[in-house]
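The structure file my_file02.pdb is reproduced below (PDB, C-alpha atoms and all ligand atoms).
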ATOM      1  CA  MET U   1     -19.578   6.290   0.758  1.00  0.00           C
ATOM      2  CA  LYS U   2     -19.080   3.099  -1.210  1.00  0.00           C
ATOM      3  CA  TYR U   3     -16.498   1.591   1.152  1.00  0.00           C
ATOM      4  CA  LYS U   4     -16.324   1.504   4.942  1.00  0.00           C
ATOM      5  CA  ARG U   5     -13.013  -0.179   5.717  1.00  0.00           C
ATOM      6  CA  ILE U   6     -10.141   0.158   3.281  1.00  0.00           C
ATOM      7  CA  LEU U   7      -6.592  -0.993   3.004  1.00  0.00           C
ATOM      8  CA  LEU U   8      -4.422   1.603   1.297  1.00  0.00           C
ATOM      9  CA  LYS U   9      -1.176   0.337  -0.212  1.00  0.00           C
ATOM     10  CA  LEU U  10       1.505   2.966  -0.691  1.00  0.00           C
ATOM     11  CA  SER U  11       4.828   2.117  -2.272  1.00  0.00           C
ATOM     12  CA  GLY U  12       8.010   3.366  -0.681  1.00  0.00           C
ATOM     13  CA  GLU U  13       8.823   5.175  -3.917  1.00  0.00           C
ATOM     14  CA  ALA U  14       5.650   7.235  -3.576  1.00  0.00           C
ATOM     15  CA  LEU U  15       7.132   8.822  -0.454  1.00  0.00           C
ATOM     16  CA  MET U  16      10.175  10.102  -2.375  1.00  0.00           C
ATOM     17  CA  GLY U  17       8.190  12.839  -4.087  1.00  0.00           C
ATOM     18  CA  ASP U  18      10.592  14.383  -6.610  1.00  0.00           C
ATOM     19  CA  ARG U  19      13.661  13.037  -4.844  1.00  0.00           C
ATOM     20  CA  ASN U  20      15.765  10.052  -5.897  1.00  0.00           C
ATOM     21  CA  TYR U  21      15.927   8.465  -2.470  1.00  0.00           C
ATOM     22  CA  GLY U  22      14.387   8.673   0.982  1.00  0.00           C
ATOM     23  CA  ILE U  23      11.363  10.566   2.160  1.00  0.00           C
ATOM     24  CA  ASP U  24       9.863  13.893   1.095  1.00  0.00           C
ATOM     25  CA  PRO U  25       8.097  15.491   4.117  1.00  0.00           C
ATOM     26  CA  LYS U  26       5.896  17.569   1.808  1.00  0.00           C
ATOM     27  CA  ARG U  27       4.590  14.426   0.091  1.00  0.00           C
ATOM     28  CA  LEU U  28       3.907  12.819   3.462  1.00  0.00           C
ATOM     29  CA  ALA U  29       1.992  15.897   4.615  1.00  0.00           C
ATOM     30  CA  ASP U  30      -0.093  15.833   1.409  1.00  0.00           C
ATOM     31  CA  TYR U  31      -0.961  12.172   1.947  1.00  0.00           C
ATOM     32  CA  ALA U  32      -1.840  12.835   5.603  1.00  0.00           C
ATOM     33  CA  GLU U  33      -4.278  15.514   4.472  1.00  0.00           C
ATOM     34  CA  GLU U  34      -5.956  13.193   1.955  1.00  0.00           C
ATOM     35  CA  ILE U  35      -6.273  10.493   4.619  1.00  0.00           C
ATOM     36  CA  LYS U  36      -7.621  12.953   7.167  1.00  0.00           C
ATOM     37  CA  ASN U  37     -10.401  13.923   4.778  1.00  0.00           C
ATOM     38  CA  ILE U  38     -11.669  10.367   4.446  1.00  0.00           C
ATOM     39  CA  ILE U  39     -11.306   9.657   8.181  1.00  0.00           C
ATOM     40  CA  GLY U  40     -13.603  12.659   8.617  1.00  0.00           C
ATOM     41  CA  LYS U  41     -16.239  10.738   6.635  1.00  0.00           C
ATOM     42  CA  GLY U  42     -16.026   7.795   9.049  1.00  0.00           C
ATOM     43  CA  ILE U  43     -13.922   5.564   6.828  1.00  0.00           C
ATOM     44  CA  GLU U  44     -11.689   3.048   8.604  1.00  0.00           C
ATOM     45  CA  VAL U  45      -8.199   3.265   7.145  1.00  0.00           C
ATOM     46  CA  ALA U  46      -5.402   0.711   7.334  1.00  0.00           C
ATOM     47  CA  ILE U  47      -2.182   1.327   5.429  1.00  0.00           C
ATOM     48  CA  VAL U  48       0.570  -0.963   4.225  1.00  0.00           C
ATOM     49  CA  ILE U  49       3.693   0.892   3.333  1.00  0.00           C
ATOM     50  CA  GLY U  50       6.516  -0.331   1.072  1.00  0.00           C
ATOM     51  CA  GLY U  51      10.242   0.211   1.460  1.00  0.00           C
ATOM     52  CA  GLY U  52      11.544   0.561  -2.105  1.00  0.00           C
ATOM     53  CA  ASN U  53      12.649   4.170  -1.532  1.00  0.00           C
ATOM     54  CA  ILE U  54      15.243   2.874   0.928  1.00  0.00           C
ATOM     55  CA  PHE U  55      16.083  -0.758   0.221  1.00  0.00           C
ATOM     56  CA  ARG U  56      14.928  -3.752  -1.797  1.00  0.00           C
ATOM     57  CA  GLY U  57      16.205  -7.247  -1.073  1.00  0.00           C
ATOM     58  CA  LEU U  58      16.353  -8.123  -4.757  1.00  0.00           C
ATOM     59  CA  ALA U  59      18.573  -5.112  -5.501  1.00  0.00           C
ATOM     60  CA  GLY U  60      20.906  -6.200  -2.691  1.00  0.00           C
ATOM     61  CA  ALA U  61      20.989  -9.755  -4.051  1.00  0.00           C
ATOM     62  CA  SER U  62      21.919  -8.525  -7.537  1.00  0.00           C
ATOM     63  CA  ASN U  63      24.979  -6.911  -5.927  1.00  0.00           C
ATOM     64  CA  GLY U  64      26.028 -10.155  -4.302  1.00  0.00           C
ATOM     65  CA  MET U  65      24.281  -9.744  -0.951  1.00  0.00           C
ATOM     66  CA  ASP U  66      22.490 -12.647   0.666  1.00  0.00           C
ATOM     67  CA  ARG U  67      18.827 -12.395  -0.421  1.00  0.00           C
ATOM     68  CA  VAL U  68      17.323 -13.181   2.962  1.00  0.00           C
ATOM     69  CA  GLN U  69      19.559 -10.630   4.677  1.00  0.00           C
ATOM     70  CA  GLY U  70      18.580  -8.040   2.062  1.00  0.00           C
ATOM     71  CA  ASP U  71      14.884  -8.823   2.461  1.00  0.00           C
ATOM     72  CA  TYR U  72      15.100  -8.212   6.196  1.00  0.00           C
ATOM     73  CA  MET U  73      16.764  -4.879   5.422  1.00  0.00           C
ATOM     74  CA  GLY U  74      13.838  -4.123   3.102  1.00  0.00           C
ATOM     75  CA  MET U  75      11.358  -5.025   5.836  1.00  0.00           C
ATOM     76  CA  LEU U  76      13.134  -2.680   8.239  1.00  0.00           C
ATOM     77  CA  ALA U  77      12.925   0.029   5.575  1.00  0.00           C
ATOM     78  CA  THR U  78       9.130  -0.304   5.605  1.00  0.00           C
ATOM     79  CA  ILE U  79       9.186   0.343   9.346  1.00  0.00           C
ATOM     80  CA  ILE U  80      11.239   3.519   8.863  1.00  0.00           C
ATOM     81  CA  ASN U  81       8.626   4.659   6.341  1.00  0.00           C
ATOM     82  CA  GLY U  82       5.863   3.639   8.744  1.00  0.00           C
ATOM     83  CA  LEU U  83       7.334   5.802  11.489  1.00  0.00           C
ATOM     84  CA  ALA U  84       7.616   8.752   9.097  1.00  0.00           C
ATOM     85  CA  LEU U  85       4.037   8.321   7.939  1.00  0.00           C
ATOM     86  CA  GLN U  86       2.849   7.993  11.517  1.00  0.00           C
ATOM     87  CA  SER U  87       4.493  11.327  12.387  1.00  0.00           C
ATOM     88  CA  ALA U  88       2.887  13.040   9.418  1.00  0.00           C
ATOM     89  CA  LEU U  89      -0.546  11.659  10.335  1.00  0.00           C
ATOM     90  CA  GLU U  90      -0.141  12.780  13.941  1.00  0.00           C
ATOM     91  CA  GLU U  91       0.948  16.191  12.728  1.00  0.00           C
ATOM     92  CA  ALA U  92      -2.441  16.281  10.972  1.00  0.00           C
ATOM     93  CA  GLU U  93      -4.016  15.471  14.342  1.00  0.00           C
ATOM     94  CA  LEU U  94      -5.047  11.929  13.536  1.00  0.00           C
ATOM     95  CA  GLN U  95      -4.916   9.037  15.978  1.00  0.00           C
ATOM     96  CA  THR U  96      -2.575   6.341  14.732  1.00  0.00           C
ATOM     97  CA  ARG U  97      -1.020   3.004  15.586  1.00  0.00           C
ATOM     98  CA  LEU U  98       1.980   1.403  13.920  1.00  0.00           C
ATOM     99  CA  LEU U  99       1.805  -2.395  13.987  1.00  0.00           C
ATOM    100  CA  THR U 100       4.692  -4.537  12.877  1.00  0.00           C
ATOM    101  CA  SER U 101       5.098  -8.127  11.798  1.00  0.00           C
ATOM    102  CA  ILE U 102       8.611  -8.110  13.288  1.00  0.00           C
ATOM    103  CA  GLU U 103       8.613  -7.527  16.998  1.00  0.00           C
ATOM    104  CA  MET U 104      10.187  -4.252  18.158  1.00  0.00           C
ATOM    105  CA  LYS U 105       8.013  -3.297  21.047  1.00  0.00           C
ATOM    106  CA  GLN U 106       9.732  -0.028  21.929  1.00  0.00           C
ATOM    107  CA  ILE U 107       8.563   1.586  18.704  1.00  0.00           C
ATOM    108  CA  ALA U 108       5.523  -0.329  17.506  1.00  0.00           C
ATOM    109  CA  GLU U 109       2.902  -2.834  18.595  1.00  0.00           C
ATOM    110  CA  PRO U 110       3.171  -6.396  17.382  1.00  0.00           C
ATOM    111  CA  PHE U 111       0.574  -7.230  14.743  1.00  0.00           C
ATOM    112  CA  ILE U 112      -2.444  -8.874  16.350  1.00  0.00           C
ATOM    113  CA  LYS U 113      -5.487  -9.056  14.128  1.00  0.00           C
ATOM    114  CA  ARG U 114      -8.102  -8.345  16.802  1.00  0.00           C
ATOM    115  CA  ARG U 115      -6.128  -5.416  18.088  1.00  0.00           C
ATOM    116  CA  ALA U 116      -5.803  -3.971  14.595  1.00  0.00           C
ATOM    117  CA  VAL U 117      -9.560  -4.230  14.089  1.00  0.00           C
ATOM    118  CA  ARG U 118     -10.227  -2.590  17.456  1.00  0.00           C
ATOM    119  CA  HIS U 119      -7.977   0.353  16.531  1.00  0.00           C
ATOM    120  CA  LEU U 120      -9.852   0.768  13.258  1.00  0.00           C
ATOM    121  CA  GLU U 121     -13.215   0.699  15.024  1.00  0.00           C
ATOM    122  CA  LYS U 122     -11.979   3.488  17.268  1.00  0.00           C
ATOM    123  CA  GLY U 123     -11.109   5.631  14.247  1.00  0.00           C
ATOM    124  CA  ARG U 124      -7.352   5.208  14.467  1.00  0.00           C
ATOM    125  CA  VAL U 125      -5.301   4.961  11.307  1.00  0.00           C
ATOM    126  CA  VAL U 126      -3.489   1.629  11.442  1.00  0.00           C
ATOM    127  CA  ILE U 127      -0.138   1.366   9.676  1.00  0.00           C
ATOM    128  CA  PHE U 128       1.206  -2.117   9.055  1.00  0.00           C
ATOM    129  CA  GLY U 129       5.009  -2.130   8.894  1.00  0.00           C
ATOM    130  CA  GLY U 130       7.452  -4.956   8.278  1.00  0.00           C
ATOM    131  CA  GLY U 131       5.627  -6.475   5.307  1.00  0.00           C
ATOM    132  CA  THR U 132       4.586 -10.071   5.945  1.00  0.00           C
ATOM    133  CA  GLY U 133       7.612 -10.558   8.198  1.00  0.00           C
ATOM    134  CA  ASN U 134       8.994 -13.151   5.760  1.00  0.00           C
ATOM    135  CA  PRO U 135      11.697 -12.886   3.119  1.00  0.00           C
ATOM    136  CA  TYR U 136      10.825 -13.560  -0.551  1.00  0.00           C
ATOM    137  CA  PHE U 137       7.540 -11.662  -0.218  1.00  0.00           C
ATOM    138  CA  THR U 138       6.565  -8.118  -1.100  1.00  0.00           C
ATOM    139  CA  THR U 139       4.570  -5.428   0.595  1.00  0.00           C
ATOM    140  CA  ASP U 140       1.874  -5.922  -2.069  1.00  0.00           C
ATOM    141  CA  THR U 141       1.416  -9.426  -0.702  1.00  0.00           C
ATOM    142  CA  ALA U 142       1.454  -8.035   2.847  1.00  0.00           C
ATOM    143  CA  ALA U 143      -1.238  -5.550   1.796  1.00  0.00           C
ATOM    144  CA  VAL U 144      -3.536  -8.242   0.418  1.00  0.00           C
ATOM    145  CA  LEU U 145      -2.888 -10.529   3.386  1.00  0.00           C
ATOM    146  CA  ARG U 146      -3.678  -7.836   5.949  1.00  0.00           C
ATOM    147  CA  ALA U 147      -6.690  -6.657   3.957  1.00  0.00           C
ATOM    148  CA  ILE U 148      -8.201 -10.131   4.048  1.00  0.00           C
ATOM    149  CA  GLU U 149      -7.365 -10.597   7.715  1.00  0.00           C
ATOM    150  CA  ILE U 150      -9.081  -7.369   8.782  1.00  0.00           C
ATOM    151  CA  ASN U 151     -11.982  -7.871   6.340  1.00  0.00           C
ATOM    152  CA  ALA U 152     -11.289  -4.721   4.352  1.00  0.00           C
ATOM    153  CA  ASP U 153     -13.848  -3.989   1.630  1.00  0.00           C
ATOM    154  CA  VAL U 154     -11.194  -3.159  -0.926  1.00  0.00           C
ATOM    155  CA  ILE U 155      -7.490  -2.710  -1.442  1.00  0.00           C
ATOM    156  CA  ILE U 156      -6.586   0.660  -2.875  1.00  0.00           C
ATOM    157  CA  LYS U 157      -3.215   0.902  -4.516  1.00  0.00           C
ATOM    158  CA  GLY U 158      -1.861   4.399  -4.953  1.00  0.00           C
ATOM    159  CA  THR U 159       0.527   4.677  -7.895  1.00  0.00           C
ATOM    160  CA  ARG U 160       1.981   7.302 -10.217  1.00  0.00           C
ATOM    161  CA  VAL U 161      -0.404   6.392 -13.035  1.00  0.00           C
ATOM    162  CA  ASP U 162      -4.148   6.761 -12.776  1.00  0.00           C
ATOM    163  CA  GLY U 163      -5.110   3.142 -13.410  1.00  0.00           C
ATOM    164  CA  ILE U 164      -4.397   0.034 -15.451  1.00  0.00           C
ATOM    165  CA  TYR U 165      -3.678   0.533 -19.151  1.00  0.00           C
ATOM    166  CA  THR U 166      -3.395  -1.746 -22.175  1.00  0.00           C
ATOM    167  CA  SER U 167       0.342  -0.923 -22.096  1.00  0.00           C
ATOM    168  CA  ASP U 168       2.636   1.392 -20.129  1.00  0.00           C
ATOM    169  CA  PRO U 169       1.163   4.899 -20.635  1.00  0.00           C
ATOM    170  CA  GLU U 170       4.519   6.488 -19.756  1.00  0.00           C
ATOM    171  CA  LYS U 171       6.057   4.754 -22.816  1.00  0.00           C
ATOM    172  CA  ASP U 172       3.138   4.261 -25.188  1.00  0.00           C
ATOM    173  CA  ALA U 173       0.934   7.239 -26.090  1.00  0.00           C
ATOM    174  CA  SER U 174      -1.739   4.943 -27.591  1.00  0.00           C
ATOM    175  CA  ALA U 175      -2.263   3.077 -24.303  1.00  0.00           C
ATOM    176  CA  ILE U 176      -5.926   2.852 -23.277  1.00  0.00           C
ATOM    177  CA  LYS U 177      -7.127   2.848 -19.688  1.00  0.00           C
ATOM    178  CA  PHE U 178      -9.518   0.243 -18.285  1.00  0.00           C
ATOM    179  CA  GLU U 179     -12.246   1.523 -15.966  1.00  0.00           C
ATOM    180  CA  ASN U 180     -13.116  -2.012 -14.899  1.00  0.00           C
ATOM    181  CA  ILE U 181     -11.311  -5.240 -15.483  1.00  0.00           C
ATOM    182  CA  THR U 182     -11.652  -8.773 -14.112  1.00  0.00           C
ATOM    183  CA  PHE U 183      -8.886 -10.759 -12.425  1.00  0.00           C
ATOM    184  CA  LYS U 184      -9.028 -13.231 -15.341  1.00  0.00           C
ATOM    185  CA  GLU U 185      -8.592 -10.503 -17.961  1.00  0.00           C
ATOM    186  CA  VAL U 186      -5.583  -9.094 -16.112  1.00  0.00           C
ATOM    187  CA  MET U 187      -4.025 -12.584 -16.192  1.00  0.00           C
ATOM    188  CA  ASN U 188      -4.935 -13.258 -19.830  1.00  0.00           C
ATOM    189  CA  LYS U 189      -3.591  -9.917 -21.023  1.00  0.00           C
ATOM    190  CA  ASP U 190      -0.502 -10.282 -18.823  1.00  0.00           C
ATOM    191  CA  LEU U 191      -1.008  -6.835 -17.271  1.00  0.00           C
ATOM    192  CA  LYS U 192       1.022  -5.756 -14.282  1.00  0.00           C
ATOM    193  CA  VAL U 193      -1.116  -4.815 -11.275  1.00  0.00           C
ATOM    194  CA  MET U 194       0.745  -6.481  -8.411  1.00  0.00           C
ATOM    195  CA  ASP U 195       3.184  -9.348  -8.227  1.00  0.00           C
ATOM    196  CA  MET U 196       1.629 -12.744  -8.912  1.00  0.00           C
ATOM    197  CA  THR U 197       1.563 -13.940  -5.273  1.00  0.00           C
ATOM    198  CA  ALA U 198      -0.308 -10.825  -4.152  1.00  0.00           C
ATOM    199  CA  PHE U 199      -2.631 -10.841  -7.143  1.00  0.00           C
ATOM    200  CA  THR U 200      -3.600 -14.503  -6.808  1.00  0.00           C
ATOM    201  CA  LEU U 201      -4.265 -14.095  -3.080  1.00  0.00           C
ATOM    202  CA  SER U 202      -6.576 -11.206  -3.861  1.00  0.00           C
ATOM    203  CA  GLU U 203      -8.422 -13.139  -6.555  1.00  0.00           C
ATOM    204  CA  GLU U 204      -8.830 -16.270  -4.431  1.00  0.00           C
ATOM    205  CA  ASN U 205     -10.349 -14.231  -1.617  1.00  0.00           C
ATOM    206  CA  ASP U 206     -12.533 -12.090  -3.831  1.00  0.00           C
ATOM    207  CA  LEU U 207     -10.900  -8.877  -2.638  1.00  0.00           C
ATOM    208  CA  PRO U 208     -11.365  -6.083  -5.191  1.00  0.00           C
ATOM    209  CA  ILE U 209      -8.355  -3.923  -6.072  1.00  0.00           C
ATOM    210  CA  ILE U 210      -8.469  -0.297  -7.163  1.00  0.00           C
ATOM    211  CA  VAL U 211      -5.395   1.211  -8.810  1.00  0.00           C
ATOM    212  CA  PHE U 212      -5.385   5.009  -8.859  1.00  0.00           C
ATOM    213  CA  ASP U 213      -3.193   8.116  -8.806  1.00  0.00           C
ATOM    214  CA  MET U 214      -2.672   9.019  -5.158  1.00  0.00           C
ATOM    215  CA  ASN U 215      -0.792  12.197  -6.050  1.00  0.00           C
ATOM    216  CA  LYS U 216      -3.853  13.973  -7.419  1.00  0.00           C
ATOM    217  CA  LYS U 217      -5.553  16.023  -4.720  1.00  0.00           C
ATOM    218  CA  GLY U 218      -9.014  14.761  -3.771  1.00  0.00           C
ATOM    219  CA  ASN U 219      -8.639  11.491  -5.667  1.00  0.00           C
ATOM    220  CA  LEU U 220      -8.722   9.275  -2.580  1.00  0.00           C
ATOM    221  CA  MET U 221     -12.051  10.773  -1.516  1.00  0.00           C
ATOM    222  CA  LYS U 222     -13.423  10.202  -5.027  1.00  0.00           C
ATOM    223  CA  VAL U 223     -12.406   6.549  -4.934  1.00  0.00           C
ATOM    224  CA  ILE U 224     -14.079   6.031  -1.556  1.00  0.00           C
ATOM    225  CA  SER U 225     -17.246   7.725  -2.792  1.00  0.00           C
ATOM    226  CA  GLY U 226     -17.400   5.278  -5.670  1.00  0.00           C
ATOM    227  CA  GLU U 227     -16.584   7.799  -8.419  1.00  0.00           C
ATOM    228  CA  LYS U 228     -14.977   6.377 -11.519  1.00  0.00           C
ATOM    229  CA  VAL U 229     -11.372   7.133 -10.685  1.00  0.00           C
ATOM    230  CA  GLY U 230      -8.573   4.709 -11.528  1.00  0.00           C
ATOM    231  CA  THR U 231      -9.263   1.085 -12.445  1.00  0.00           C
ATOM    232  CA  LEU U 232     -11.320  -1.409 -10.472  1.00  0.00           C
ATOM    233  CA  VAL U 233     -10.269  -5.061 -10.622  1.00  0.00           C
ATOM    234  CA  ASN U 234     -12.827  -7.619  -9.440  1.00  0.00           C
ATOM    235  CA  SER U 235     -14.230 -11.065 -10.260  1.00  0.00           C
TER     236      SER U 235
HETATM  237  N1  LIG U 301      10.071  -7.486   1.976  1.00  0.00           N
HETATM  238  C1  LIG U 301      10.126  -8.816   2.367  1.00  0.00           C
HETATM  239  N2  LIG U 301       8.972  -9.434   2.797  1.00  0.00           N
HETATM  240  C2  LIG U 301       7.774  -8.792   2.853  1.00  0.00           C
HETATM  241  C3  LIG U 301       7.721  -7.432   2.419  1.00  0.00           C
HETATM  242  C4  LIG U 301       8.882  -6.812   2.001  1.00  0.00           C
HETATM  243  O1  LIG U 301      11.182  -9.429   2.321  1.00  0.00           O
HETATM  244  O2  LIG U 301       6.777  -9.395   3.272  1.00  0.00           O
HETATM  245  C5  LIG U 301      11.336  -6.782   1.602  1.00  0.00           C
HETATM  246  C6  LIG U 301      11.763  -7.059   0.179  1.00  0.00           C
HETATM  247  O3  LIG U 301      13.180  -7.097   0.146  1.00  0.00           O
HETATM  248  C7  LIG U 301      11.264  -5.818  -0.557  1.00  0.00           C
HETATM  249  C8  LIG U 301      11.472  -4.738   0.472  1.00  0.00           C
HETATM  250  O4  LIG U 301      11.160  -5.377   1.705  1.00  0.00           O
HETATM  251  O5  LIG U 301      12.020  -5.564  -1.704  1.00  0.00           O
HETATM  252  C9  LIG U 301      10.613  -3.504   0.291  1.00  0.00           C
HETATM  253  O6  LIG U 301       9.285  -3.851   0.003  1.00  0.00           O
HETATM  254  P1  LIG U 301       8.609  -3.618  -1.452  1.00  0.00           P
HETATM  255  O7  LIG U 301       9.628  -3.870  -2.518  1.00  0.00           O
HETATM  256  O8  LIG U 301       7.357  -4.396  -1.510  1.00  0.00           O
HETATM  257  O9  LIG U 301       8.308  -2.070  -1.345  1.00  0.00           O
HETATM  258  P2  LIG U 301       7.619  -1.082  -2.429  1.00  0.00           P
HETATM  259  O10 LIG U 301       7.969  -1.569  -3.805  1.00  0.00           O
HETATM  260  O11 LIG U 301       6.141  -1.132  -2.192  1.00  0.00           O
HETATM  261  O12 LIG U 301       8.194   0.252  -2.084  1.00  0.00           O
END
Can you dump the structure from the file as structure tokens?
Ligand code: UDP
Amino acid sequence: MKYKRILLKLSGEALMGDRNYGIDPKRLADYAEEIKNIIGKGIEVAIVIGGGNIFRGLAGASNGMDRVQGDYMGMLATIINGLALQSALEEAELQTRLLTSIEMKQIAEPFIKRRAVRHLEKGRVVIFGGGTGNPYFTTDTAAVLRAIEINADVIIKGTRVDGIYTSDPEKDASAIKFENITFKEVMNKDLKVMDMTAFTLSEENDLPIIVFDMNKKGNLMKVISGEKVGTLVNS
């Protein structure tokens, strides 16, 4: 296995499956199965989950809502998704812990770095909910932040497309996929991998990013084994 400790970033939208809103239990069960397979290989798995399938602060603000209020709603949405993911993982007989950056001790542990690392060492899947706990940030930034804090080897971003392309492959048939790309090239070519705050944090801390299609069965295992799946961004 190429990696030992990973941080998997899943967007809220990924949990919708074919729906327009909310959570598709079938999709969650599929993800749980993929995660179980890599846990079986001794990989330590931490997950940051987004909230875009339920609420985004920016969308609220564009409808006249206070941005900070909306962002807190978005952060709570990530916790709802975290609880759903936790159930699916437990259904697959995995040990899990949900840690949040916003205290709500009846349903999740507060985020404490050493505790998170201990859970990982014991083979538990750690889900980080609540983003960074601050408005004006995204769960991509939370993912990079947590990955650096727990010394993850890599951040693995599951998306609908199977990597980074010269242009949007869903709109441009001539788009070409990169197998490898450097942080600098991504910047120079103005490609969209993560928002700028998240991306810069990753670059500054030399944390490689892999973008891949999480919806293809067996893909996560391939990524962990070091097979050429998706796009690897590094220095
Ligand atoms: N959010 C926030 N601070 C954070 C992480 C998230 O305010 O550290 C809010 C923000 O409103 C965001 C929403 O939570 O729009 C959902 O997160 P995100 O958009 O990153 O989810 P994804 O696109 O991954 O589903």
Can you sort out the box for ligand LIG 301 (chain U), edges along x, y and z, all listed atoms in, 3 Å on every side, with centre and edge lengths in Å to one decimal, as JSON?
{"center_x": 9.7, "center_y": -4.6, "center_z": -0.3, "size_x": 13.0, "size_y": 15.7, "size_z": 13.1}
Considering only C-alpha atoms, return as a VMD selection string whatever protein or nucleic-acid residues lie within 6 Å of U:Val125, sequence-local ones (same chain, fewer than 6 positions apart) excluded.
chain U and resid 45 to 46 96
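Coordinates place atom CA of U:Ala142 at a distance of 10.0 Å from atom CA of U:Thr197.
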Can you spell out as JSON, numbers by chain the set of residues that the PyMOL selection byres (((chain U and resi 117) around 12) and not hetatm) selects in the structure I just provided?
{"U": [5, 6, 7, 44, 45, 46, 97, 99, 111, 112, 113, 114, 115, 116, 118, 119, 120, 121, 122, 123, 124, 125, 126, 127, 146, 147, 148, 149, 150, 151, 152]}
Could you report the residues within 10 Å of ligand LIG 301 (chain U), using only C-alpha atoms and all ligand atoms, as a PyMOL selection string?
chain U and resi 9-15+48-61+67-79+81+101+129-143+145+157+159+194-195
Have a look at atom CA of U:Leu28 and atom CA of U:Met104 and let me know their distance in Å, one decimal.
23.4 Å
Output the residue selection produced by the PyMOL selection byres (((chain U and resi 219) around 12) and not hetatm) on the file above, formatted as a PyMOL selection string.
chain U and resi 30-31+33-35+37-38+156-159+162-163+210-218+220-230
Between atom CA of U:Ile181 and atom CA of U:Thr231, measure the distance and give it in Å to one decimal.
7.3 Å
Of U:Ile23, U:Ala32, U:Val154, U:Ile102, the one nearest to U:Tyr3 when counting all atoms listed in the file is U:Val154
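Considering the residues U:Asn205, U:Ser167, U:Ser174, U:Gln106 and counting all atoms listed in the file, U:Asp190 has its shortest atom-to-atom contact with U:Ser167.
Between U:Lys41 and the residues U:Met1, U:Met16, U:Ile80, U:Leu207, the shortest atom-to-atom distance, using all atoms listed in the file, involves U:Met1.
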Starting from the PyMOL selection byres (((chain U and resi 108) around 6) and not hetatm), expand the selection into actual residues of this file and give them as an MDAnalysis selection string.
chainID U and resid 98:99 105 107 109
